Amino acid sequence: MRSCLIPVRSVRGKSVTTIEGLAQGEKLHPLQKAFADYGAVQCGFCTPGMIMNAYALLLKNPRLTRDQILQGMDNNLCRCSAHKRIVQAIESVAANK
């Protein structure tokens with residue numbers, strides 16, 4: 001399992017986007033909207049990490065396949081069992097790119 005954790009010092013002087021930074025004012029980012037539309041949020045604990053990881057994956061490849069989504073999201077855990085809806089939400093955004 002690969003880790004996505006990095007020391008804070010490694011981002012010194014760089015731009016860092018957070019979950020709040022994806023929205024444009026009151027307008028949600030398509031991933032945020034898709035997660036809401038597909039019911040891919042339950043307790044909400046994992047949601048920011050899921051969305052930010054999906055965002056990074058889509059930046060690298062806007063036309064992700066289901067297999068690429070599953071592989072890319074493998075390190076994000078959700079204890080509420082929303083995985084199917086999470087994948088569907090990401091697929092919907094990738095399909096509209």
# chains A, B, ... in the order shown; residues from 1 in each chain; ligands from 1
>>> residues_around(residues="Gly72 of chain A", least_positions_apart="6", cutoff="8 Å", atoms="only C-alpha atoms", output="compact mmCIF listing (two decimals) with N, CA, C and O atoms, in the first residue's frame")
# COMPACT_ATOMS: atom_id res chain seq x y z
N ASN A 53 -8.62 12.98 -3.67
CA ASN A 53 -7.89 11.95 -4.40
C ASN A 53 -8.47 11.79 -5.81
O ASN A 53 -7.73 11.71 -6.79
N ALA A 54 -9.80 11.78 -5.91
CA ALA A 54 -10.45 11.68 -7.23
C ALA A 54 -10.08 12.89 -8.09
O ALA A 54 -9.83 12.74 -9.29
N LEU A 57 -6.65 12.36 -9.44
CA LEU A 57 -6.68 11.35 -10.50
C LEU A 57 -7.21 11.93 -11.80
O LEU A 57 -6.66 11.67 -12.88
>>> residues_around(residues="Leu31 of chain A", least_positions_apart="6", cutoff="10 Å", atoms="only C-alpha atoms", output="mmCIF file with all heavy atoms, in the first residue's frame")
data_model
loop_
_atom_site.group_PDB
_atom_site.id
_atom_site.type_symbol
_atom_site.label_atom_id
_atom_site.label_comp_id
_atom_site.auth_asym_id
_atom_site.auth_seq_id
_atom_site.Cartn_x
_atom_site.Cartn_y
_atom_site.Cartn_z
ATOM 1 N N LEU A 22 -12.061 23.771 -3.881
ATOM 2 C CA LEU A 22 -12.566 23.263 -5.160
ATOM 3 C C LEU A 22 -13.782 24.042 -5.651
ATOM 4 O O LEU A 22 -13.957 24.230 -6.846
ATOM 5 C CB LEU A 22 -12.930 21.777 -5.055
ATOM 6 C CG LEU A 22 -11.776 20.798 -4.922
ATOM 7 C CD1 LEU A 22 -12.306 19.375 -4.882
ATOM 8 C CD2 LEU A 22 -10.766 20.957 -6.034
ATOM 9 N N ALA A 23 -14.628 24.466 -4.739
ATOM 10 C CA ALA A 23 -15.840 25.198 -5.123
ATOM 11 C C ALA A 23 -15.474 26.591 -5.616
ATOM 12 O O ALA A 23 -14.462 27.160 -5.214
ATOM 13 C CB ALA A 23 -16.790 25.297 -3.936
ATOM 14 N N ASP A 37 -25.018 14.162 -5.486
ATOM 15 C CA ASP A 37 -26.058 13.607 -6.356
ATOM 16 C C ASP A 37 -26.146 12.093 -6.278
ATOM 17 O O ASP A 37 -27.235 11.525 -6.356
ATOM 18 C CB ASP A 37 -25.820 14.016 -7.814
ATOM 19 C CG ASP A 37 -26.043 15.495 -8.069
ATOM 20 O OD1 ASP A 37 -26.614 16.188 -7.193
ATOM 21 O OD2 ASP A 37 -25.627 15.961 -9.157
ATOM 22 N N MET A 50 -11.632 11.385 -0.233
ATOM 23 C CA MET A 50 -12.104 10.717 -1.453
ATOM 24 C C MET A 50 -12.175 11.713 -2.605
ATOM 25 O O MET A 50 -11.696 11.445 -3.709
ATOM 26 C CB MET A 50 -13.493 10.098 -1.236
ATOM 27 C CG MET A 50 -13.529 8.940 -0.289
ATOM 28 S SD MET A 50 -12.869 7.460 -1.070
ATOM 29 C CE MET A 50 -13.300 6.241 0.159
ATOM 30 N N ILE A 51 -12.774 12.867 -2.354
ATOM 31 C CA ILE A 51 -12.932 13.867 -3.408
ATOM 32 C C ILE A 51 -11.576 14.408 -3.860
ATOM 33 O O ILE A 51 -11.318 14.533 -5.059
ATOM 34 C CB ILE A 51 -13.877 15.000 -2.969
ATOM 35 C CG1 ILE A 51 -15.308 14.457 -2.835
ATOM 36 C CG2 ILE A 51 -13.833 16.172 -3.947
ATOM 37 C CD1 ILE A 51 -16.309 15.449 -2.274
ATOM 38 N N MET A 52 -10.703 14.710 -2.921
ATOM 39 C CA MET A 52 -9.400 15.266 -3.302
ATOM 40 C C MET A 52 -8.559 14.240 -4.053
ATOM 41 O O MET A 52 -7.851 14.588 -5.004
ATOM 42 C CB MET A 52 -8.659 15.794 -2.069
ATOM 43 C CG MET A 52 -9.332 16.987 -1.417
ATOM 44 S SD MET A 52 -9.751 18.346 -2.529
ATOM 45 C CE MET A 52 -8.121 18.906 -3.028
ATOM 46 N N ALA A 54 -9.799 11.776 -5.915
ATOM 47 C CA ALA A 54 -10.446 11.677 -7.226
ATOM 48 C C ALA A 54 -10.080 12.886 -8.090
ATOM 49 O O ALA A 54 -9.832 12.745 -9.290
ATOM 50 C CB ALA A 54 -11.956 11.575 -7.062
ATOM 51 N N TYR A 55 -10.040 14.064 -7.486
ATOM 52 C CA TYR A 55 -9.658 15.281 -8.198
ATOM 53 C C TYR A 55 -8.248 15.144 -8.776
ATOM 54 O O TYR A 55 -8.013 15.445 -9.956
ATOM 55 C CB TYR A 55 -9.745 16.469 -7.236
ATOM 56 C CG TYR A 55 -9.304 17.785 -7.802
ATOM 57 C CD1 TYR A 55 -10.088 18.472 -8.725
ATOM 58 C CD2 TYR A 55 -8.110 18.371 -7.402
ATOM 59 C CE1 TYR A 55 -9.683 19.686 -9.245
ATOM 60 C CE2 TYR A 55 -7.704 19.593 -7.918
ATOM 61 C CZ TYR A 55 -8.496 20.247 -8.828
ATOM 62 O OH TYR A 55 -8.101 21.453 -9.336
ATOM 63 N N LEU A 58 -8.267 12.736 -11.700
ATOM 64 C CA LEU A 58 -8.862 13.340 -12.897
ATOM 65 C C LEU A 58 -7.958 14.406 -13.512
ATOM 66 O O LEU A 58 -8.010 14.623 -14.725
ATOM 67 C CB LEU A 58 -10.235 13.923 -12.567
ATOM 68 C CG LEU A 58 -11.326 12.873 -12.332
ATOM 69 C CD1 LEU A 58 -12.539 13.496 -11.652
ATOM 70 C CD2 LEU A 58 -11.720 12.197 -13.641
ATOM 71 N N ILE A 86 -19.447 6.024 -4.636
ATOM 72 C CA ILE A 86 -18.260 6.863 -4.826
ATOM 73 C C ILE A 86 -17.707 6.649 -6.233
ATOM 74 O O ILE A 86 -17.432 7.607 -6.953
ATOM 75 C CB ILE A 86 -17.194 6.561 -3.743
ATOM 76 C CG1 ILE A 86 -17.678 7.084 -2.386
ATOM 77 C CG2 ILE A 86 -15.836 7.141 -4.125
ATOM 78 C CD1 ILE A 86 -16.871 6.578 -1.199
ATOM 79 N N ALA A 89 -19.998 8.212 -8.800
ATOM 80 C CA ALA A 89 -19.859 9.669 -8.836
ATOM 81 C C ALA A 89 -18.628 10.084 -9.628
ATOM 82 O O ALA A 89 -18.689 10.993 -10.473
ATOM 83 C CB ALA A 89 -19.784 10.219 -7.411
ATOM 84 N N ILE A 90 -17.511 9.407 -9.398
ATOM 85 C CA ILE A 90 -16.280 9.726 -10.127
ATOM 86 C C ILE A 90 -16.442 9.408 -11.604
ATOM 87 O O ILE A 90 -16.042 10.195 -12.476
ATOM 88 C CB ILE A 90 -15.074 8.985 -9.521
ATOM 89 C CG1 ILE A 90 -14.866 9.402 -8.061
ATOM 90 C CG2 ILE A 90 -13.798 9.239 -10.340
ATOM 91 C CD1 ILE A 90 -13.927 8.512 -7.283
ATOM 92 N N GLU A 91 -17.062 8.274 -11.910
ATOM 93 C CA GLU A 91 -17.297 7.911 -13.307
ATOM 94 C C GLU A 91 -18.148 8.959 -14.015
ATOM 95 O O GLU A 91 -17.895 9.278 -15.187
ATOM 96 C CB GLU A 91 -18.021 6.551 -13.404
ATOM 97 C CG GLU A 91 -17.158 5.363 -13.168
ATOM 98 C CD GLU A 91 -17.930 4.063 -13.249
ATOM 99 O OE1 GLU A 91 -19.049 3.972 -12.705
ATOM 100 O OE2 GLU A 91 -17.406 3.129 -13.873
ATOM 101 N N SER A 92 -19.134 9.494 -13.336
ATOM 102 C CA SER A 92 -20.005 10.486 -13.965
ATOM 103 C C SER A 92 -19.237 11.742 -14.344
ATOM 104 O O SER A 92 -19.486 12.351 -15.390
ATOM 105 C CB SER A 92 -21.190 10.829 -13.061
ATOM 106 O OG SER A 92 -20.802 11.679 -11.995
ATOM 107 N N VAL A 93 -18.281 12.150 -13.509
ATOM 108 C CA VAL A 93 -17.466 13.324 -13.818
ATOM 109 C C VAL A 93 -16.507 13.008 -14.958
ATOM 110 O O VAL A 93 -16.339 13.797 -15.886
ATOM 111 C CB VAL A 93 -16.722 13.824 -12.564
ATOM 112 C CG1 VAL A 93 -15.773 14.969 -12.913
ATOM 113 C CG2 VAL A 93 -17.716 14.268 -11.508
ATOM 114 N N ALA A 94 -15.891 11.819 -14.925
ATOM 115 C CA ALA A 94 -14.960 11.429 -15.982
ATOM 116 C C ALA A 94 -15.676 11.329 -17.325
ATOM 117 O O ALA A 94 -15.120 11.698 -18.361
ATOM 118 C CB ALA A 94 -14.285 10.096 -15.639
#
>>> select_by_dssp(residues="segment 2-97 of chain A", states="helix (DSSP H, G or I)", output="ChimeraX atom specification")
/A:8-11,19-22,30-37,47-60,66-72,83-95
>>> residues_around(residues="Cys80 of chain A", least_positions_apart="3", cutoff="10 Å", atoms="only C-alpha atoms", output="list in words")
Ala40, Val41, Gln42, Cys43, Gly44, Phe45, Cys46, Leu77 and His83 of chain A
>>> closest_residue(among="A:Lys14, A:Arg9, A:Arg85, A:Arg79", to="Ala36 of chain A", atoms="only C-alpha atoms")
A:Arg85
>>> atom_distance(atom1="atom CA of Asn76 of chain A", atom2="atom CA of Tyr38 of chain A")
17.9 Å
>>> atom_distance(atom1="atom CA of Lys97 of chain A", atom2="atom CA of Pro62 of chain A")
6.0 Å
>>> closest_residue(among="A:Thr47, A:Gln71, A:Asn61, A:Ser81", to="Ile19 of chain A", atoms="only C-alpha atoms")
A:Thr47
